[in-house]
Amino acid sequence: MAEASVRLRYLFISNGHGEDWISAATIARLPDWIEAEAYPMIGAGNAYANVCRIVGPRASLASEGWRNVKGSLRRDLASGGLRTVPPALSFLRKMRGKYDRVVVVGDMVGVLACLGTGHRDLIYLDVYKTGAARLYSGPERWAIKRACATVFCRSDNLARTLEHIGVDARCAGNIMMDTIPSGDYDARSRRTRPNAVTLLPGSRALTAESFALQVDGLRALPPELRPDIFLAVAGSINVDDLAKKTGLHRTSMLSAEPDDMGELSDGDLTIHMARGGAMGNLLAASDLVLSQAGTATVQALGLGKPAITVVNPRDRRSRFTDEQMLFGEARTVVPPEPAAIGAALRHLLEDDSERRRLANIGRERIGGPGAIHAVLDRLMEQ
């Protein structure tokens, strides 16, 4: 289409680490005649650095919005989470009418916040519901119909439930696969062993604990079977906390690559670290992942990297089960025991054909890239 004569202003609202990356990657592809600003509802919004201006109040929750753990909402409330709500609603209320378009990326939280503060005609990128289990509830459909102009869903059945009530709902693919972050880090040059694994311990309060369990699982492998190990470090994670939790030591040697964060090592086990913005580089050089992450797990499976995930009593089993119905065999679920993690790793590292089989399942279940083009076309409509 012809370039607009007047620069338009868009507000992107996201509510999570993975959602921030998806939103930022979308903004980066917009034409110059669209000026975008971002409101990350939770966290610092590091993904938007050097992409666009961040607006709105900063908020921090104990869970960082992660609802896969039982009791997370209760802990957020107990630690003062309700105090983050009035500033968010006040900001959104003041922003009503200030933007030509409002885009929500994430789950229903952003949609409900916009609905309650008078925003309408939203473009909603639903990257939460999988379509493999629960569809939209009656209240969710009611809110979407009143607040949204267009909804991009992850599955056809989700889109159909909204089409039936007159919502412009589309399933153009999985935008997560269009927005895998890549940076300046040569993971392949660090490969010395037959196989490689990327650790995705997450971006929240339990990250250090998850990382320690992953490391103990790797230590359970016989030395000759150990793979090259990479770690994607989310922006909010303190590497010193990870080192302390595992007895590893951070090396001071860094390359000239901007996303290189050095190594963690104990002389026996060495872990190459890169910023989360270079996660795509790590996945491309790896054969499988150990993952407790959300969005990153989906992206790894979609790239054909089988995942091993720990389930523990704190997990909210309904959400975990919903995800597993989508992932199928591509994600191996094990108890929180180093021996179980080590056994699952050994099985996949020793069996190339099984790894390939699971890789194909992951790619088929998650779907490939391409949705970003449909989203951008809609965002550029006048």
# chains A, B, ... in the order shown; residues from 1 in each chain; ligands from 1

$ residues_around --residues "Val289 of chain A" --least-positions-apart "5" --cutoff "10 Å" --atoms "only C-alpha atoms" --output "list in words"
Ala196, Val197, Thr198, Leu199, Leu200, Pro201, Ile229, Phe230, Leu231, Leu282, Leu283, Ala296, Thr297, Ala300, Leu301, Lys305, Pro306, Ala307, Ile308, Thr309, Arg331 and Leu345 of chain A

$ residues_around --residues "segment 163-180 of chain A" --least-positions-apart "4" --cutoff "6 Å" --atoms "only C-alpha atoms" --output "PyMOL selection string"
chain A and resi 22+25+145+150-156+159+280+299+369+371-372

$ write_last_selection --atoms "C-alpha atoms" --output "short mmCIF file (atom, residue, chain, number, x, y, z; two decimals), in the first residue's frame"
data_model
loop_
_atom_site.label_atom_id
_atom_site.label_comp_id
_atom_site.auth_asym_id
_atom_site.auth_seq_id
_atom_site.Cartn_x
_atom_site.Cartn_y
_atom_site.Cartn_z
CA ILE A 22 7.11 -11.26 20.23
CA ALA A 25 9.98 -8.33 16.97
CA LYS A 145 -16.37 -9.30 21.14
CA THR A 150 -9.33 -8.51 15.05
CA VAL A 151 -7.94 -11.51 16.89
CA PHE A 152 -5.05 -13.67 15.70
CA CYS A 153 -5.36 -17.15 17.21
CA ARG A 154 -2.95 -20.06 17.37
CA SER A 155 -5.44 -22.60 16.00
CA ASP A 156 -8.39 -22.81 13.62
CA ALA A 159 -10.71 -18.72 15.56
CA GLY A 280 17.85 -18.58 18.12
CA GLN A 299 9.79 -22.06 19.73
CA PRO A 369 6.59 -19.31 10.55
CA ALA A 371 1.93 -15.54 10.60
CA ILE A 372 3.90 -12.32 10.97
#

$ atom_distance --atom1 "atom CA of Arg356 of chain A" --atom2 "atom CA of Gln214 of chain A"
22.3 Å

$ select_by_dssp --residues "segment 102-342 of chain A" --states "helix (DSSP H, G or I)" --output "number ranges by chain"
A: 108-116, 138-147, 156-163, 175-178, 188-190, 207-219, 223-225, 239-246, 276-284, 295-302, 317-330, 338-342

$ residues_around --residues "Asp107 of chain A" --least-positions-apart "4" --cutoff "10 Å" --atoms "only C-alpha atoms" --output "list in words"
Ser14, Asn15, Gly16, Glu19, Val111, Leu112, Tyr124, Leu125, Asp126, Val127, Tyr128 and Lys129 of chain A

$ closest_residue --among "A:Ala59, A:Leu30, A:Ala132, A:Val233" --to "Gly262 of chain A" --atoms "only C-alpha atoms"
A:Val233

$ residues_around --residues "segment 97-103 of chain A" --least-positions-apart "6" --cutoff "6 Å" --atoms "only C-alpha atoms" --output "VMD selection string"
chain A and resid 9 to 12 122 to 124

$ select_by_dssp --residues "segment 272-311 of chain A" --states "strand (DSSP E or B)" --output "number ranges by chain"
A: 272-275, 288-291, 307-310

$ atom_distance --atom1 "atom CA of Leu162 of chain A" --atom2 "atom CA of Gly110 of chain A"
17.7 Å

$ residues_around --residues "Asp216 of chain A" --least-positions-apart "2" --cutoff "12 Å" --atoms "only C-alpha atoms" --output "list of chain:residue names"
A:Glu209, A:Ser210, A:Phe211, A:Ala212, A:Leu213, A:Gln214, A:Leu218, A:Arg219, A:Ala220, A:Leu221, A:Lys245, A:Thr246, A:Gly247, A:Leu248, A:Leu269, A:Leu290, A:Pro336, A:Glu337, A:Pro338, A:Ala339, A:Ala340, A:Ile341, A:Gly342, A:Ala343, A:Leu345

$ write_last_selection --atoms "N, CA and C atoms" --output "short mmCIF file (atom, residue, chain, number, x, y, z; two decimals), in the first residue's frame"
data_model
loop_
_atom_site.label_atom_id
_atom_site.label_comp_id
_atom_site.auth_asym_id
_atom_site.auth_seq_id
_atom_site.Cartn_x
_atom_site.Cartn_y
_atom_site.Cartn_z
N GLU A 209 16.59 -22.31 40.68
CA GLU A 209 16.28 -23.67 41.13
C GLU A 209 16.16 -24.62 39.94
N SER A 210 15.49 -24.19 38.88
CA SER A 210 15.34 -25.02 37.68
C SER A 210 16.69 -25.27 37.03
N PHE A 211 17.52 -24.23 36.98
CA PHE A 211 18.85 -24.36 36.38
C PHE A 211 19.69 -25.37 37.16
N ALA A 212 19.66 -25.30 38.48
CA ALA A 212 20.44 -26.23 39.29
C ALA A 212 20.02 -27.67 39.04
N LEU A 213 18.73 -27.90 38.88
CA LEU A 213 18.23 -29.24 38.62
C LEU A 213 18.70 -29.72 37.24
N GLN A 214 18.68 -28.82 36.25
CA GLN A 214 19.16 -29.18 34.91
C GLN A 214 20.64 -29.54 34.95
N LEU A 218 22.61 -33.09 34.01
CA LEU A 218 23.74 -33.22 33.10
C LEU A 218 24.92 -33.91 33.78
N ARG A 219 25.11 -33.62 35.06
CA ARG A 219 26.19 -34.26 35.81
C ARG A 219 25.95 -35.76 35.98
N ALA A 220 24.69 -36.18 35.87
CA ALA A 220 24.36 -37.60 36.00
C ALA A 220 24.78 -38.40 34.77
N LEU A 221 25.11 -37.71 33.69
CA LEU A 221 25.54 -38.40 32.46
C LEU A 221 26.99 -38.85 32.59
N LYS A 245 24.09 -21.27 42.97
CA LYS A 245 23.15 -22.39 43.17
C LYS A 245 23.74 -23.71 42.71
N THR A 246 24.72 -23.68 41.81
CA THR A 246 25.24 -24.90 41.19
C THR A 246 26.69 -25.21 41.55
N GLY A 247 27.37 -24.29 42.23
CA GLY A 247 28.78 -24.50 42.52
C GLY A 247 29.67 -24.28 41.32
N LEU A 248 29.14 -23.69 40.27
CA LEU A 248 29.94 -23.36 39.10
C LEU A 248 30.56 -21.97 39.27
N LEU A 269 32.41 -29.62 34.06
CA LEU A 269 31.25 -29.23 33.25
C LEU A 269 31.42 -27.78 32.83
N LEU A 290 16.70 -28.61 27.40
CA LEU A 290 16.15 -28.80 28.73
C LEU A 290 15.43 -27.50 29.05
N PRO A 336 11.18 -34.20 39.18
CA PRO A 336 12.29 -33.30 39.52
C PRO A 336 13.44 -34.02 40.21
N GLU A 337 14.03 -34.95 39.50
CA GLU A 337 15.13 -35.75 40.06
C GLU A 337 16.27 -35.79 39.04
N PRO A 338 17.49 -35.51 39.46
CA PRO A 338 18.63 -35.53 38.53
C PRO A 338 18.75 -36.84 37.77
N ALA A 339 18.50 -37.96 38.45
CA ALA A 339 18.62 -39.26 37.78
C ALA A 339 17.62 -39.39 36.64
N ALA A 340 16.39 -38.87 36.84
CA ALA A 340 15.37 -38.95 35.81
C ALA A 340 15.72 -38.05 34.63
N ILE A 341 16.23 -36.87 34.92
CA ILE A 341 16.66 -35.97 33.84
C ILE A 341 17.82 -36.59 33.07
N GLY A 342 18.78 -37.14 33.81
CA GLY A 342 19.92 -37.77 33.15
C GLY A 342 19.51 -38.93 32.28
N ALA A 343 18.56 -39.73 32.74
CA ALA A 343 18.10 -40.88 31.95
C ALA A 343 17.42 -40.43 30.67
N LEU A 345 17.90 -37.58 29.11
CA LEU A 345 18.96 -37.04 28.25
C LEU A 345 19.71 -38.16 27.56
#

$ residues_around --residues "Leu135 of chain A" --least-positions-apart "6" --cutoff "9 Å" --atoms "only C-alpha atoms" --output "PDB file with N, CA, C and O atoms, in the first residue's frame"
ATOM      1  N   LYS A 129      -3.490 -19.205  24.467  1.00  0.00           N
ATOM      2  CA  LYS A 129      -4.314 -20.406  24.261  1.00  0.00           C
ATOM      3  C   LYS A 129      -3.784 -21.218  23.084  1.00  0.00           C
ATOM      4  O   LYS A 129      -3.490 -20.679  22.025  1.00  0.00           O
ATOM      5  N   ASN A 157      -9.590 -23.892  15.468  1.00  0.00           N
ATOM      6  CA  ASN A 157     -10.787 -24.063  16.299  1.00  0.00           C
ATOM      7  C   ASN A 157     -10.994 -22.880  17.243  1.00  0.00           C
ATOM      8  O   ASN A 157     -12.134 -22.511  17.537  1.00  0.00           O
ATOM      9  N   LEU A 158      -9.911 -22.251  17.688  1.00  0.00           N
ATOM     10  CA  LEU A 158     -10.056 -21.037  18.493  1.00  0.00           C
ATOM     11  C   LEU A 158     -10.675 -19.923  17.658  1.00  0.00           C
ATOM     12  O   LEU A 158     -11.580 -19.215  18.110  1.00  0.00           O
ATOM     13  N   THR A 161     -14.497 -20.366  17.077  1.00  0.00           N
ATOM     14  CA  THR A 161     -15.384 -20.044  18.197  1.00  0.00           C
ATOM     15  C   THR A 161     -15.658 -18.545  18.271  1.00  0.00           C
ATOM     16  O   THR A 161     -16.717 -18.130  18.747  1.00  0.00           O
TER      17      THR A 161
END

$ atom_distance --atom1 "atom CA of Trp21 of chain A" --atom2 "atom CA of Val298 of chain A"
13.5 Å

$ closest_residue --among "A:Glu140, A:Asp32, A:Asp377, A:Glu364" --to "Gly302 of chain A" --atoms "only C-alpha atoms"
A:Glu364

$ residues_around --residues "Arg93 of chain A" --least-positions-apart "2" --cutoff "12 Å" --atoms "only C-alpha atoms" --output "PyMOL selection string"
chain A and resi 56+86-91+95-98+113-120
